[in-house]
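Enquirer: Dropping in data.txt, with compact mmCIF, C-alpha atoms.
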# COMPACT_ATOMS: atom_id res chain seq x y z
CA MET A 1 -60.50 142.31 30.61
CA PRO A 2 -63.88 140.74 31.35
CA ARG A 3 -66.71 141.85 29.15
CA HIS A 4 -68.84 143.13 32.02
CA GLY A 5 -66.26 145.81 32.92
CA ALA A 6 -66.11 147.16 29.39
CA ARG A 7 -69.89 146.95 29.10
CA ALA A 8 -70.36 148.86 32.35
CA LEU A 9 -67.86 151.48 31.18
CA ALA A 10 -69.66 151.77 27.85
CA THR A 11 -72.90 152.55 29.71
CA LEU A 12 -71.03 155.18 31.77
CA LYS A 13 -71.45 153.41 35.10
CA ILE A 14 -69.06 154.39 37.89
CA ASP A 15 -68.29 150.78 38.82
CA GLY A 16 -67.29 150.08 35.21
CA LEU A 17 -64.97 153.07 35.20
CA LEU A 18 -63.40 152.02 38.52
CA PHE A 19 -62.99 148.46 37.26
CA VAL A 20 -61.22 149.55 34.08
CA VAL A 21 -59.04 152.08 35.94
CA GLY A 22 -58.15 149.39 38.49
CA VAL A 23 -57.22 146.85 35.84
CA LEU A 24 -55.13 149.31 33.87
CA GLY A 25 -53.53 150.67 37.05
CA GLY A 26 -52.69 147.17 38.24
CA ILE A 27 -51.15 146.26 34.89
CA THR A 28 -49.10 149.47 34.90
CA LEU A 29 -47.96 149.03 38.50
CA PHE A 30 -46.99 145.44 37.81
CA GLY A 31 -45.02 146.49 34.74
CA TYR A 32 -43.06 149.10 36.66
CA THR A 33 -42.32 146.88 39.67
CA VAL A 34 -41.22 143.71 37.85
CA PRO A 35 -37.57 144.86 37.62
CA LEU A 36 -37.50 145.35 41.39
CA VAL A 37 -38.43 141.73 42.13
CA GLU A 38 -37.16 140.00 39.00
CA GLY A 39 -34.16 138.41 40.73
CA PHE A 40 -36.31 136.95 43.47
CA TRP A 41 -39.03 135.94 41.03
CA ASN A 42 -36.70 134.07 38.68
CA HIS A 43 -34.16 132.71 41.17
CA SER A 44 -35.95 132.17 44.46
CA GLY A 45 -35.29 128.45 44.37
CA ASN A 46 -36.61 125.31 42.84
CA TYR A 47 -37.77 122.98 45.56
CA GLY A 48 -39.22 120.42 43.18
CA THR A 49 -42.17 118.57 44.61
CA LEU A 50 -42.58 119.85 48.14
CA THR A 51 -45.55 118.54 50.08
CA LEU A 52 -46.92 119.78 53.36
CA PHE A 53 -45.90 116.63 55.24
CA ASP A 54 -42.36 116.87 53.84
CA TRP A 55 -42.15 120.50 54.91
CA LEU A 56 -43.52 119.76 58.39
CA GLY A 57 -41.52 116.54 58.76
CA VAL A 58 -44.50 114.44 59.87
CA PRO A 59 -46.22 111.41 58.30
CA PRO A 60 -49.03 112.09 55.75
CA PRO A 61 -51.85 110.71 57.95
CA VAL A 62 -50.94 113.21 60.67
CA VAL A 63 -51.22 116.09 58.19
CA VAL A 64 -54.59 114.79 56.98
CA VAL A 65 -55.95 114.51 60.53
CA LEU A 66 -54.65 117.99 61.41
CA ALA A 67 -56.18 119.48 58.26
CA VAL A 68 -59.56 117.87 58.99
CA LEU A 69 -59.47 119.05 62.62
CA MET A 70 -58.55 122.55 61.48
CA ALA A 71 -61.45 122.60 58.99
CA VAL A 72 -63.95 121.33 61.57
CA GLY A 73 -62.67 123.91 64.05
CA MET A 74 -63.13 126.66 61.47
CA PHE A 75 -66.71 125.54 60.76
CA PHE A 76 -67.57 125.54 64.47
CA GLY A 77 -65.81 128.88 64.89
CA ALA A 78 -67.78 130.40 62.01
CA GLU A 79 -71.03 129.13 63.52
CA ALA A 80 -70.11 130.60 66.90
CA VAL A 81 -69.30 133.97 65.34
CA GLU A 82 -72.57 133.88 63.41
CA ARG A 83 -74.56 133.16 66.60
CA TRP A 84 -72.71 135.94 68.42
CA MET A 85 -73.40 138.42 65.62
CA LYS A 86 -77.10 137.53 65.62
CA LYS A 87 -77.32 138.00 69.38
CA ARG A 88 -75.42 141.27 69.14
CA ASP A 89 -77.84 142.53 66.51
CA GLY A 90 -80.82 141.52 68.66
CA GLU A 91 -82.04 138.65 66.49
CA GLN A 92 -83.12 135.27 67.80
CA ALA A 93 -80.48 132.55 67.34
CA ALA A 94 -81.91 129.61 65.44
Translate this structure into structure tokens?
Expert:
Amino acid sequence: MPRHGARALATLKIDGLLFVVGVLGGITLFGYTVPLVEGFWNHSGNYGTLTLFDWLGVPPPVVVVLAVLMAVGMFFGAEAVERWMKKRDGEQAA
């Protein structure tokens, strides 16, 4: 448990209490649900080294180009959403 959660709990802050309750609840939930997924977890298959281009069945340069195009598209998409949100909120787009 990170020190800041315990420190916040020690100073009786609500966020510290929620953090500690969340950590302990997550640990407990995980402990109770492990038997339900243990077979899948331990025996779901060993694929060895599986790369994206092996999985897709295309040459590595194609995967690299597609990944770069996807990243550039995401950057432009994020900029467009940011401009739209500024216009929607009545601010001037830079």
Enquirer: If you count only C-alpha atoms, which residues fall within 12 Å of segment 3-8 of chain A, apart from same-chain ones fewer than 6 positions away, as a ChimeraX atom specification?
Expert: /A:14-24
Enquirer: Would you mind reading off the distance between atom CA of Met74 of chain A and atom CA of Arg88 of chain A, one decimal, in Å?
Expert: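 Between atom CA of Met74 of chain A and atom CA of Arg88 of chain A the gap is 20.6 Å.
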Enquirer: One decimal, Å: what's the distance from atom CA of Gly77 of chain A over to atom CA of Val65 of chain A, could you say?
Expert: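 So the answer is 18.0 Å.
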Enquirer: In Å, how far is it from atom CA of Tyr47 of chain A to atom CA of Leu66 of chain A?
Expert: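 Going from atom CA of Tyr47 of chain A over to atom CA of Leu66 of chain A covers 23.7 Å.
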